[in-house]
$ cat run-v5.cif   # mmCIF, C-alpha atoms
data_input
#
loop_
_atom_site.label_atom_id
_atom_site.label_comp_id
_atom_site.auth_asym_id
_atom_site.auth_seq_id
_atom_site.Cartn_x
_atom_site.Cartn_y
_atom_site.Cartn_z
CA MET A 1 18.00 4.18 34.07
CA SER A 2 16.16 7.48 33.54
CA GLU A 3 13.46 8.01 30.97
CA LYS A 4 14.35 9.15 27.46
CA ILE A 5 12.52 11.76 25.41
CA ILE A 6 11.07 10.54 22.11
CA GLY A 7 11.46 12.78 19.07
CA ILE A 8 9.04 12.19 16.20
CA LEU A 9 10.30 13.46 12.85
CA GLY A 10 6.97 13.59 11.10
CA GLY A 11 4.88 15.31 8.47
CA MET A 12 5.27 12.49 5.90
CA GLY A 13 2.25 12.49 6.05
CA PRO A 14 0.72 14.45 8.90
CA GLU A 15 -2.03 11.93 9.67
CA ALA A 16 0.49 9.08 9.94
CA THR A 17 2.46 11.26 12.38
CA ALA A 18 -0.62 11.79 14.54
CA ASP A 19 -1.40 8.09 14.30
CA LEU A 20 2.08 7.16 15.54
CA TYR A 21 1.72 9.44 18.55
CA LEU A 22 -1.64 7.89 19.40
CA ARG A 23 -0.12 4.42 19.09
CA ILE A 24 2.73 5.44 21.43
CA ILE A 25 0.15 6.59 23.98
CA ARG A 26 -1.78 3.33 23.70
CA ALA A 27 1.39 1.20 23.84
CA THR A 28 2.47 2.80 27.11
CA PRO A 29 1.65 0.84 30.30
CA ALA A 30 0.31 3.95 32.04
CA LYS A 31 -2.12 4.37 34.90
CA ARG A 32 -1.81 8.15 35.03
CA ASP A 33 -0.59 11.02 32.84
CA GLN A 34 2.82 11.04 34.51
CA ASP A 35 3.52 7.45 33.46
CA HIS A 36 3.76 8.45 29.78
CA PRO A 37 7.12 9.29 28.18
CA ARG A 38 7.89 12.81 27.05
CA VAL A 39 7.36 13.17 23.29
CA ILE A 40 8.46 16.00 21.01
CA ILE A 41 6.77 16.11 17.59
CA TYR A 42 8.08 18.08 14.66
CA SER A 43 5.66 17.61 11.79
CA ASN A 44 7.59 18.95 8.81
CA SER A 45 5.15 18.63 5.91
CA LYS A 46 7.58 20.56 3.68
CA VAL A 47 9.89 17.56 3.26
CA PRO A 48 9.95 16.86 -0.51
CA ASP A 49 8.29 13.62 -1.58
CA ARG A 50 10.70 10.76 -0.99
CA THR A 51 9.59 8.55 -3.90
CA PRO A 52 10.46 11.01 -6.72
CA ALA A 53 13.81 11.64 -5.01
CA ILE A 54 14.63 7.93 -4.99
CA LEU A 55 13.45 7.53 -8.59
CA GLY A 56 15.59 10.50 -9.66
CA THR A 57 12.70 12.71 -10.71
CA GLY A 58 12.43 15.04 -7.71
CA PRO A 59 14.48 17.05 -5.20
CA SER A 60 16.28 15.43 -2.27
CA PRO A 61 14.46 15.48 1.07
CA MET A 62 17.78 15.54 2.93
CA PRO A 63 17.97 19.30 3.69
CA GLU A 64 14.53 19.29 5.30
CA LEU A 65 15.13 15.97 7.08
CA ILE A 66 18.37 17.33 8.55
CA ARG A 67 16.69 20.58 9.55
CA ALA A 68 13.87 18.70 11.28
CA GLY A 69 16.27 16.29 13.00
CA LYS A 70 18.38 19.13 14.36
CA ARG A 71 15.26 20.89 15.64
CA LEU A 72 14.37 17.76 17.58
CA GLU A 73 17.92 17.51 18.95
CA GLU A 74 17.84 21.14 20.05
CA ALA A 75 14.46 20.60 21.70
CA GLY A 76 15.91 17.77 23.82
CA ALA A 77 14.98 14.53 22.06
CA ASP A 78 17.15 11.60 23.17
CA PHE A 79 16.33 9.53 20.08
CA ILE A 80 14.26 9.92 16.93
CA VAL A 81 11.60 7.88 15.18
CA ILE A 82 10.40 8.54 11.63
CA PRO A 83 6.84 7.48 10.69
CA CYS A 84 7.64 7.19 6.98
CA ASN A 85 8.93 4.00 5.38
CA THR A 86 10.31 5.63 2.25
CA ALA A 87 12.30 8.16 4.28
CA HIS A 88 14.32 5.25 5.69
CA TYR A 89 16.17 5.14 2.37
CA PHE A 90 17.99 8.25 3.65
CA LEU A 91 18.56 6.92 7.17
CA GLY A 92 22.28 6.31 6.76
CA GLU A 93 22.92 9.85 5.53
CA LEU A 94 20.70 11.38 8.20
CA ARG A 95 22.42 9.50 11.01
CA LYS A 96 25.74 11.06 9.97
CA GLU A 97 24.26 14.55 10.45
CA LEU A 98 22.71 14.03 13.88
CA ARG A 99 24.05 13.29 17.34
CA VAL A 100 21.08 11.29 18.65
CA PRO A 101 20.20 7.77 17.47
CA ILE A 102 17.37 7.02 15.02
CA LEU A 103 15.37 3.81 15.34
CA ASP A 104 15.18 1.78 12.12
CA MET A 105 11.51 0.89 11.67
CA ILE A 106 12.16 -1.54 8.82
CA ARG A 107 14.84 -3.63 10.53
CA LEU A 108 12.84 -3.68 13.75
CA SER A 109 9.84 -4.92 11.76
CA ALA A 110 11.87 -7.70 10.14
CA GLU A 111 13.04 -8.85 13.56
CA ARG A 112 9.47 -8.74 14.86
CA ALA A 113 8.20 -10.71 11.86
CA ARG A 114 10.68 -13.51 12.52
CA ARG A 115 9.87 -13.63 16.26
CA SER A 116 6.10 -13.41 15.89
CA PHE A 117 5.72 -15.57 12.79
CA PRO A 118 8.54 -18.14 12.96
CA LYS A 119 7.13 -20.34 10.17
CA VAL A 120 6.54 -17.57 7.61
CA LYS A 121 8.71 -17.78 4.49
CA ARG A 122 7.07 -15.18 2.22
CA ALA A 123 5.63 -11.75 3.05
CA GLY A 124 3.58 -9.52 0.73
CA LEU A 125 4.63 -5.88 0.73
CA LEU A 126 2.32 -2.90 0.22
CA ALA A 127 4.53 0.17 -0.26
CA THR A 128 5.37 3.11 -2.51
CA ASP A 129 7.37 2.78 -5.69
CA GLY A 130 10.25 4.46 -3.88
CA THR A 131 10.27 1.94 -1.06
CA LEU A 132 10.12 -0.96 -3.53
CA LYS A 133 12.98 0.48 -5.58
CA SER A 134 15.06 1.08 -2.44
CA GLY A 135 15.05 -2.64 -1.64
CA LEU A 136 15.02 -1.85 2.09
CA TYR A 137 12.39 -4.47 2.92
CA ARG A 138 13.96 -7.11 0.68
CA ALA A 139 17.29 -6.61 2.43
CA ALA A 140 16.00 -6.48 6.02
CA PHE A 141 13.55 -9.37 5.66
CA GLY A 142 16.10 -11.36 3.67
CA GLU A 143 18.39 -11.24 6.68
CA VAL A 144 15.74 -13.14 8.67
CA ASP A 145 15.03 -15.55 5.78
CA ILE A 146 11.70 -14.08 4.69
CA GLU A 147 11.17 -13.49 0.97
CA ILE A 148 9.33 -10.30 0.00
CA VAL A 149 6.50 -10.66 -2.54
CA GLU A 150 5.73 -7.46 -4.45
CA PRO A 151 2.71 -6.58 -6.62
CA SER A 152 3.01 -6.73 -10.41
CA PRO A 153 3.72 -3.35 -12.06
CA GLU A 154 0.06 -3.02 -13.06
CA VAL A 155 -1.18 -3.76 -9.55
CA GLN A 156 1.52 -1.54 -8.03
CA ALA A 157 -0.02 1.36 -9.96
CA GLU A 158 -3.21 0.72 -7.97
CA VAL A 159 -1.21 0.78 -4.71
CA MET A 160 0.22 4.18 -5.64
CA LYS A 161 -3.27 5.42 -6.51
CA ALA A 162 -4.57 4.26 -3.15
CA ILE A 163 -1.72 5.93 -1.25
CA TYR A 164 -1.45 9.23 -3.12
CA GLN A 165 -4.88 9.89 -4.60
CA CYS A 166 -6.92 8.39 -1.78
CA VAL A 167 -5.31 8.11 1.66
CA LYS A 168 -3.02 11.16 1.47
CA ALA A 169 -5.99 13.14 0.14
CA GLY A 170 -8.17 12.05 3.07
CA ASN A 171 -10.20 9.38 1.27
CA LEU A 172 -9.46 6.47 3.56
CA ILE A 173 -12.49 4.41 2.50
CA ASP A 174 -11.54 4.02 -1.17
CA GLY A 175 -7.86 3.71 -0.31
CA GLY A 176 -8.64 0.88 2.07
CA LEU A 177 -10.78 -0.95 -0.49
CA ILE A 178 -8.01 -0.85 -3.08
CA LEU A 179 -5.27 -1.93 -0.67
CA ARG A 180 -7.29 -4.79 0.79
CA GLY A 181 -7.84 -6.03 -2.75
CA VAL A 182 -4.12 -5.91 -3.52
CA ALA A 183 -3.35 -7.68 -0.23
CA LYS A 184 -5.68 -10.50 -1.24
CA ASP A 185 -3.87 -10.76 -4.58
CA LEU A 186 -0.52 -11.05 -2.77
CA ILE A 187 -1.92 -13.81 -0.56
CA SER A 188 -3.10 -15.65 -3.68
CA ALA A 189 0.48 -15.29 -4.99
CA GLY A 190 1.85 -17.09 -1.95
CA ALA A 191 2.28 -14.41 0.71
CA GLU A 192 1.78 -15.81 4.21
CA LEU A 193 2.04 -12.40 5.86
CA ILE A 194 1.08 -8.88 4.70
CA VAL A 195 3.38 -5.98 5.58
CA CYS A 196 2.08 -2.40 5.71
CA GLY A 197 5.19 -0.94 4.11
CA CYS A 198 3.82 2.60 3.98
CA THR A 199 2.40 4.57 6.88
CA GLU A 200 -0.63 5.47 4.74
CA VAL A 201 -1.29 1.75 4.35
CA SER A 202 -1.09 1.45 8.15
CA LEU A 203 -4.04 3.84 8.40
CA VAL A 204 -6.40 1.63 6.42
CA LEU A 205 -5.22 -2.00 6.61
CA LYS A 206 -5.61 -3.80 9.94
CA GLU A 207 -5.30 -7.28 11.39
CA GLY A 208 -8.39 -9.29 10.40
CA ASP A 209 -8.99 -7.41 7.13
CA VAL A 210 -7.51 -10.24 5.04
CA GLN A 211 -6.94 -13.99 5.37
CA ALA A 212 -3.34 -13.65 6.53
CA PRO A 213 -1.64 -11.96 9.48
CA VAL A 214 -0.90 -8.24 9.02
CA LEU A 215 2.40 -6.82 10.27
CA ASP A 216 2.23 -3.07 10.83
CA PRO A 217 5.68 -1.44 11.06
CA LEU A 218 4.09 1.73 12.45
CA GLN A 219 2.81 -0.27 15.42
CA VAL A 220 6.20 -1.96 15.80
CA LEU A 221 7.84 1.48 15.85
CA ALA A 222 5.42 2.75 18.49
CA GLU A 223 6.09 -0.21 20.77
CA GLU A 224 9.85 -0.05 20.28
CA ALA A 225 9.85 3.70 20.97
CA VAL A 226 8.06 3.13 24.27
CA ALA A 227 10.48 0.34 25.20
CA GLU A 228 13.43 2.62 24.40
CA ALA A 229 12.00 5.59 26.29
CA LEU A 230 10.90 3.99 29.54
CA PRO A 231 13.06 2.34 32.18
CA LYS A 232 12.89 -1.42 31.68
CA GLU A 233 11.04 -2.01 34.95
CA HIS A 234 8.18 0.17 33.67
CA VAL A 235 7.66 -1.59 30.31
#
$ encode --input "run-v5.cif" --output "structure tokens"
Amino acid sequence: MSEKIIGILGGMGPEATADLYLRIIRATPAKRDQDHPRVIIYSNSKVPDRTPAILGTGPSPMPELIRAGKRLEEAGADFIVIPCNTAHYFLGELRKELRVPILDMIRLSAERARRSFPKVKRAGLLATDGTLKSGLYRAAFGEVDIEIVEPSPEVQAEVMKAIYQCVKAGNLIDGGLILRGVAKDLISAGAELIVCGCTEVSLVLKEGDVQAPVLDPLQVLAEEAVAEALPKEHV
């Protein structure tokens, strides 16, 4: 089987896009430059914010998502990955508009959670309001018998502050402090696993930061993209 070209539909946000590419590089079993898969990145930072769209207070991101996806198709991508959890709400619609497959980061993460943590029954989710409202994690993790624990509305406001006012604005230190505090609250509420349900959370919350395992869907996506791109004997 020949190698496939990875297309990254990014820009949501730009730093998470760069982080995914770096993770793809590090997840590749390479001894030389030529061992790495081809990667095409289209960082479309003009995609309207996904959370207001889901909540019914902002424009749809679909036109820009379709435009970006078609650009990646035209450039030669064999499949697409999207380093934005909230954008996965629109995955079904986007798949209808494109010829190439799109990996589902959330379902892949649920499958990984069940394989890697077979005894876990409850997982705490750190995500945007839009992702929570979408129910994507509740549905995907429910299929593998893991209950999702969400912050209270008051604490969720702190999560949104950390994501939008801190991490997206470049203040990773304060964003990380807030999110680690919320993660600890979720663990106190019974979460046995913490899920970085937003790619901005992935930038500041790592394994070892809290007293529970941390599942990072962005890392899962990077590893699955490499596995999809490279011939099986190379992975």
$ residues_around --input "run-v5.cif" --residues "Gly142 (chain A)" --least-positions-apart "5" --cutoff "12 Å" --atoms "all atoms listed in the file" --output "PyMOL selection string"
chain A and resi 106-107+110-111+113-114+121-123+135-137+147-149
$ atom_distance --input "run-v5.cif" --atom1 "CA of His36 (chain A)" --atom2 "CA of Ile80 (chain A)"
16.7 Å
$ closest_residue --input "run-v5.cif" --among "A:Ala225, A:Ala191, A:Ile82, A:Leu205" --to "Gly124 (chain A)" --atoms "only C-alpha atoms"
A:Ala191
$ resolve_selection --input "run-v5.cif" --expression "the PyMOL selection byres ((chain A and resi 196) around 9)" --output "JSON, numbers by chain"
{"A": [124, 125, 126, 127, 194, 195, 197, 198, 199, 200, 201, 202, 205, 206, 214, 215, 216, 217, 218]}
$ closest_atom_pairs --input "run-v5.cif" --of "region 127-190 of chain A" --to "region 5-25 of chain A" --cutoff "10 Å" --atoms "only C-alpha atoms" --output "CSV"
residue,atom,partner,partner_atom,distance
A:Val167,CA,A:Glu15,CA,9.5
A:Lys168,CA,A:Gly13,CA,7.1
A:Gly170,CA,A:Glu15,CA,9.0
$ closest_residue --input "run-v5.cif" --among "A:Arg95, A:Lys161, A:Arg115, A:Arg138" --to "Val81 (chain A)" --atoms "all atoms listed in the file"
A:Arg95
